[in-house]
$ cat model.pdb   # PDB, C-alpha atoms
ATOM      1  CA  MET A 252     124.444  86.085  46.917  1.00  0.00           C
ATOM      2  CA  LYS A 253     123.871  87.971  50.157  1.00  0.00           C
ATOM      3  CA  PHE A 254     126.643  89.253  52.361  1.00  0.00           C
ATOM      4  CA  LYS A 255     127.356  90.323  55.919  1.00  0.00           C
ATOM      5  CA  LEU A 256     130.043  92.673  57.151  1.00  0.00           C
ATOM      6  CA  ILE A 257     131.863  91.404  60.229  1.00  0.00           C
ATOM      7  CA  VAL A 258     133.473  94.254  62.143  1.00  0.00           C
ATOM      8  CA  THR A 259     136.082  93.303  64.721  1.00  0.00           C
ATOM      9  CA  ILE A 260     137.815  95.708  67.085  1.00  0.00           C
ATOM     10  CA  VAL A 261     140.791  94.037  68.696  1.00  0.00           C
ATOM     11  CA  SER A 262     144.234  94.783  70.096  1.00  0.00           C
ATOM     12  CA  ASP A 263     147.045  94.915  67.568  1.00  0.00           C
ATOM     13  CA  GLU A 264     148.744  91.760  68.873  1.00  0.00           C
ATOM     14  CA  LYS A 265     145.617  89.630  68.256  1.00  0.00           C
ATOM     15  CA  VAL A 266     144.973  90.649  64.645  1.00  0.00           C
ATOM     16  CA  ASP A 267     146.975  87.803  63.077  1.00  0.00           C
ATOM     17  CA  ASP A 268     145.167  85.201  65.227  1.00  0.00           C
ATOM     18  CA  ILE A 269     141.815  86.730  64.221  1.00  0.00           C
ATOM     19  CA  LEU A 270     142.715  86.670  60.523  1.00  0.00           C
ATOM     20  CA  ASP A 271     143.943  83.065  60.671  1.00  0.00           C
ATOM     21  CA  ALA A 272     140.744  81.928  62.400  1.00  0.00           C
ATOM     22  CA  ALA A 273     138.544  83.837  59.941  1.00  0.00           C
ATOM     23  CA  ARG A 274     140.317  82.321  56.921  1.00  0.00           C
ATOM     24  CA  LYS A 275     140.068  78.800  58.352  1.00  0.00           C
ATOM     25  CA  ALA A 276     136.333  79.381  58.857  1.00  0.00           C
ATOM     26  CA  GLY A 277     135.850  80.487  55.231  1.00  0.00           C
ATOM     27  CA  ALA A 278     136.649  84.208  54.918  1.00  0.00           C
ATOM     28  CA  THR A 279     138.315  85.096  51.625  1.00  0.00           C
ATOM     29  CA  GLY A 280     139.784  88.501  52.457  1.00  0.00           C
ATOM     30  CA  CYS A 281     139.796  91.412  54.867  1.00  0.00           C
ATOM     31  CA  THR A 282     140.663  95.037  55.431  1.00  0.00           C
ATOM     32  CA  VAL A 283     142.570  96.095  58.555  1.00  0.00           C
ATOM     33  CA  ILE A 284     142.357  99.674  59.766  1.00  0.00           C
ATOM     34  CA  THR A 285     145.185 100.338  62.179  1.00  0.00           C
ATOM     35  CA  ASN A 286     145.533 102.658  65.133  1.00  0.00           C
ATOM     36  CA  ALA A 287     141.927 102.823  66.286  1.00  0.00           C
ATOM     37  CA  ARG A 288     141.052 103.987  69.765  1.00  0.00           C
ATOM     38  CA  GLY A 289     138.109 102.895  71.871  1.00  0.00           C
ATOM     39  CA  GLU A 290     136.753 103.138  75.353  1.00  0.00           C
ATOM     40  CA  GLY A 291     134.725 100.555  77.248  1.00  0.00           C
ATOM     41  CA  LEU A 292     132.763 100.749  80.479  1.00  0.00           C
ATOM     42  CA  ASN A 293     135.721 102.210  82.370  1.00  0.00           C
ATOM     43  CA  PRO A 294     137.790 105.017  80.812  1.00  0.00           C
ATOM     44  CA  PRO A 295     141.440 104.138  80.097  1.00  0.00           C
ATOM     45  CA  LYS A 296     144.020 105.065  82.707  1.00  0.00           C
ATOM     46  CA  THR A 297     146.280 108.015  82.094  1.00  0.00           C
ATOM     47  CA  PHE A 298     149.656 109.087  83.382  1.00  0.00           C
ATOM     48  CA  LEU A 299     150.630 112.738  83.029  1.00  0.00           C
ATOM     49  CA  GLY A 300     147.990 113.188  80.349  1.00  0.00           C
ATOM     50  CA  LEU A 301     149.094 110.168  78.288  1.00  0.00           C
ATOM     51  CA  THR A 302     146.660 107.310  77.784  1.00  0.00           C
ATOM     52  CA  LEU A 303     147.995 103.936  78.923  1.00  0.00           C
ATOM     53  CA  THR A 304     146.257 101.728  76.389  1.00  0.00           C
ATOM     54  CA  GLY A 305     147.605  99.590  73.570  1.00  0.00           C
ATOM     55  CA  GLN A 306     146.827 100.079  69.928  1.00  0.00           C
ATOM     56  CA  SER A 307     143.571  98.650  68.605  1.00  0.00           C
ATOM     57  CA  ASP A 308     142.803  97.709  65.033  1.00  0.00           C
ATOM     58  CA  VAL A 309     139.526  97.401  63.165  1.00  0.00           C
ATOM     59  CA  VAL A 310     139.236  94.284  61.006  1.00  0.00           C
ATOM     60  CA  LEU A 311     136.534  94.351  58.306  1.00  0.00           C
ATOM     61  CA  LEU A 312     135.461  91.096  56.658  1.00  0.00           C
ATOM     62  CA  LEU A 313     132.846  90.945  53.917  1.00  0.00           C
ATOM     63  CA  VAL A 314     131.520  87.379  54.012  1.00  0.00           C
ATOM     64  CA  GLU A 315     128.720  85.349  52.472  1.00  0.00           C
ATOM     65  CA  GLU A 316     125.740  85.272  54.848  1.00  0.00           C
ATOM     66  CA  HIS A 317     125.594  81.469  55.203  1.00  0.00           C
ATOM     67  CA  MET A 318     129.160  81.416  56.533  1.00  0.00           C
ATOM     68  CA  SER A 319     128.977  84.562  58.660  1.00  0.00           C
ATOM     69  CA  ARG A 320     127.978  83.004  61.989  1.00  0.00           C
ATOM     70  CA  ARG A 321     130.707  80.349  61.768  1.00  0.00           C
ATOM     71  CA  ILE A 322     133.306  83.013  60.985  1.00  0.00           C
ATOM     72  CA  LEU A 323     132.043  85.287  63.774  1.00  0.00           C
ATOM     73  CA  GLU A 324     132.272  82.456  66.317  1.00  0.00           C
ATOM     74  CA  ALA A 325     135.793  81.546  65.146  1.00  0.00           C
ATOM     75  CA  ILE A 326     136.850  85.175  65.574  1.00  0.00           C
ATOM     76  CA  GLY A 327     135.371  85.268  69.081  1.00  0.00           C
ATOM     77  CA  GLU A 328     137.287  82.144  70.093  1.00  0.00           C
ATOM     78  CA  ALA A 329     140.576  83.313  68.589  1.00  0.00           C
ATOM     79  CA  GLY A 330     140.278  86.731  70.218  1.00  0.00           C
ATOM     80  CA  GLU A 331     139.121  85.285  73.560  1.00  0.00           C
ATOM     81  CA  PHE A 332     136.461  87.999  73.717  1.00  0.00           C
ATOM     82  CA  ASP A 333     134.432  86.307  76.455  1.00  0.00           C
ATOM     83  CA  GLY A 334     137.474  85.636  78.628  1.00  0.00           C
ATOM     84  CA  GLU A 335     138.617  89.088  79.677  1.00  0.00           C
ATOM     85  CA  PRO A 336     136.969  92.533  79.628  1.00  0.00           C
ATOM     86  CA  GLY A 337     138.466  94.808  77.001  1.00  0.00           C
ATOM     87  CA  SER A 338     139.852  91.982  74.865  1.00  0.00           C
ATOM     88  CA  GLY A 339     137.792  92.990  71.839  1.00  0.00           C
ATOM     89  CA  VAL A 340     134.401  92.912  70.209  1.00  0.00           C
ATOM     90  CA  ALA A 341     133.002  91.599  66.932  1.00  0.00           C
ATOM     91  CA  PHE A 342     129.602  92.077  65.330  1.00  0.00           C
ATOM     92  CA  GLN A 343     127.969  91.561  61.967  1.00  0.00           C
ATOM     93  CA  VAL A 344     125.856  93.884  59.851  1.00  0.00           C
ATOM     94  CA  ASP A 345     123.592  93.074  56.898  1.00  0.00           C
ATOM     95  CA  ILE A 346     124.874  94.373  53.561  1.00  0.00           C
ATOM     96  CA  GLU A 347     122.328  95.488  51.009  1.00  0.00           C
ATOM     97  CA  ASP A 348     124.490  95.359  47.893  1.00  0.00           C
ATOM     98  CA  VAL A 349     128.110  94.689  46.887  1.00  0.00           C
ATOM     99  CA  ILE A 350     130.268  95.357  43.847  1.00  0.00           C
ATOM    100  CA  GLY A 351     133.945  94.660  43.272  1.00  0.00           C
ATOM    101  CA  LEU A 352     134.143  91.039  44.407  1.00  0.00           C
ATOM    102  CA  GLY A 353     134.501  89.515  40.950  1.00  0.00           C
ATOM    103  CA  SER A 354     137.836  87.877  41.693  1.00  0.00           C
ATOM    104  CA  GLN A 355     136.537  86.295  44.918  1.00  0.00           C
ATOM    105  CA  MET A 356     133.170  85.031  43.624  1.00  0.00           C
ATOM    106  CA  PRO A 357     134.416  81.650  42.280  1.00  0.00           C
ATOM    107  CA  ALA A 358     136.105  80.886  45.620  1.00  0.00           C
ATOM    108  CA  LEU A 359     132.992  81.941  47.537  1.00  0.00           C
ATOM    109  CA  ARG A 360     130.710  79.797  45.371  1.00  0.00           C
ATOM    110  CA  GLN A 361     132.984  76.762  45.812  1.00  0.00           C
ATOM    111  CA  GLU A 362     133.225  77.315  49.586  1.00  0.00           C
ATOM    112  CA  ILE A 363     129.444  77.540  49.919  1.00  0.00           C
ATOM    113  CA  GLU A 364     128.892  74.404  47.840  1.00  0.00           C
ATOM    114  CA  ASP A 365     131.440  72.492  49.934  1.00  0.00           C
ATOM    115  CA  LYS A 366     130.064  73.548  53.310  1.00  0.00           C
ATOM    116  CA  ILE A 367     126.318  73.673  52.714  1.00  0.00           C
TER     117      ILE A 367
END
$ encode --input "model.pdb" --output "structure tokens"
Amino acid sequence: MKFKLIVTIVSDEKVDDILDAARKAGATGCTVITNARGEGLNPPKTFLGLTLTGQSDVVLLLVEEHMSRRILEAIGEAGEFDGEPGSGVAFQVDIEDVIGLGSQMPALRQEIEDKI
């Protein structure tokens, strides 16, 4: 099996919507890294030296390559990434090798058989 890593950077309040959409699209698990900070085209506004931006989280999803595009699109819709600047970003990266997914492999195989 080949895998892709979907990396999503999104505001804290959208993480649950992103995770729900990813699971419905076939993701079997994730890792959330909290309290990330990013900067887009325009630097964040400050007031007396304090940055006026909300908390961002990084959501990592290791998914089977045949399901990756569907999951990525579901994440984009749930996060409304194309609707408003600064709402988040998601991208996928090829993974060369994976270990440690033994408990998820039966579910992944069944999901692939059902959807392909």
$ axis_aligned_box --input "model.pdb" --around "range 281-286 of chain A" --padding-each-side "5 Å" --output "JSON"
{"center_x": 142.7, "center_y": 97.0, "center_z": 60.0, "size_x": 15.7, "size_y": 21.2, "size_z": 20.3}
$ atom_distance --input "model.pdb" --atom1 "CA of Asp263 in chain A" --atom2 "CA of Ala325 in chain A"
17.6 Å
$ residues_around --input "model.pdb" --residues "range 340-343 of chain A" --least-positions-apart "3" --cutoff "6 Å" --atoms "only C-alpha atoms" --output "list in words"
Leu256, Ile257, Val258, Thr259 and Ile260 of chain A
$ resolve_selection --input "model.pdb" --expression "the PyMOL selection byres ((chain A and resi 269) around 9)" --output "number ranges by chain"
A: 259, 261, 265-268, 270-274, 310, 325-330
$ write_last_selection --input "model.pdb" --atoms "C-alpha atoms" --output "PDB file, in the frame of the given file"
ATOM      1  CA  THR A 259     136.082  93.303  64.721  1.00  0.00           C
ATOM      2  CA  VAL A 261     140.791  94.037  68.696  1.00  0.00           C
ATOM      3  CA  LYS A 265     145.617  89.630  68.256  1.00  0.00           C
ATOM      4  CA  VAL A 266     144.973  90.649  64.645  1.00  0.00           C
ATOM      5  CA  ASP A 267     146.975  87.803  63.077  1.00  0.00           C
ATOM      6  CA  ASP A 268     145.167  85.201  65.227  1.00  0.00           C
ATOM      7  CA  LEU A 270     142.715  86.670  60.523  1.00  0.00           C
ATOM      8  CA  ASP A 271     143.943  83.065  60.671  1.00  0.00           C
ATOM      9  CA  ALA A 272     140.744  81.928  62.400  1.00  0.00           C
ATOM     10  CA  ALA A 273     138.544  83.837  59.941  1.00  0.00           C
ATOM     11  CA  ARG A 274     140.317  82.321  56.921  1.00  0.00           C
ATOM     12  CA  VAL A 310     139.236  94.284  61.006  1.00  0.00           C
ATOM     13  CA  ALA A 325     135.793  81.546  65.146  1.00  0.00           C
ATOM     14  CA  ILE A 326     136.850  85.175  65.574  1.00  0.00           C
ATOM     15  CA  GLY A 327     135.371  85.268  69.081  1.00  0.00           C
ATOM     16  CA  GLU A 328     137.287  82.144  70.093  1.00  0.00           C
ATOM     17  CA  ALA A 329     140.576  83.313  68.589  1.00  0.00           C
ATOM     18  CA  GLY A 330     140.278  86.731  70.218  1.00  0.00           C
TER      19      GLY A 330
END
$ closest_residue --input "model.pdb" --among "A:Gln361, A:Thr279, A:Ser338, A:Asn286" --to "Asp308 in chain A" --atoms "all atoms listed in the file"
A:Asn286
$ atom_distance --input "model.pdb" --atom1 "CA of Glu335 in chain A" --atom2 "CA of Ile322 in chain A"
20.4 Å
$ closest_residue --input "model.pdb" --among "A:Met318, A:Met252, A:Leu313, A:Ile346" --to "Lys275 in chain A" --atoms "all atoms listed in the file"
A:Met318
$ atom_distance --input "model.pdb" --atom1 "CA of Val309 in chain A" --atom2 "CA of Phe332 in chain A"
14.5 Å
$ closest_residue --input "model.pdb" --among "A:Leu312, A:Leu352, A:Val283, A:Leu323" --to "Ser262 in chain A" --atoms "all atoms listed in the file"
A:Val283
$ closest_residue --input "model.pdb" --among "A:Pro357, A:Val314, A:Glu331, A:Gly339" --to "Lys253 in chain A" --atoms "all atoms listed in the file"
A:Val314
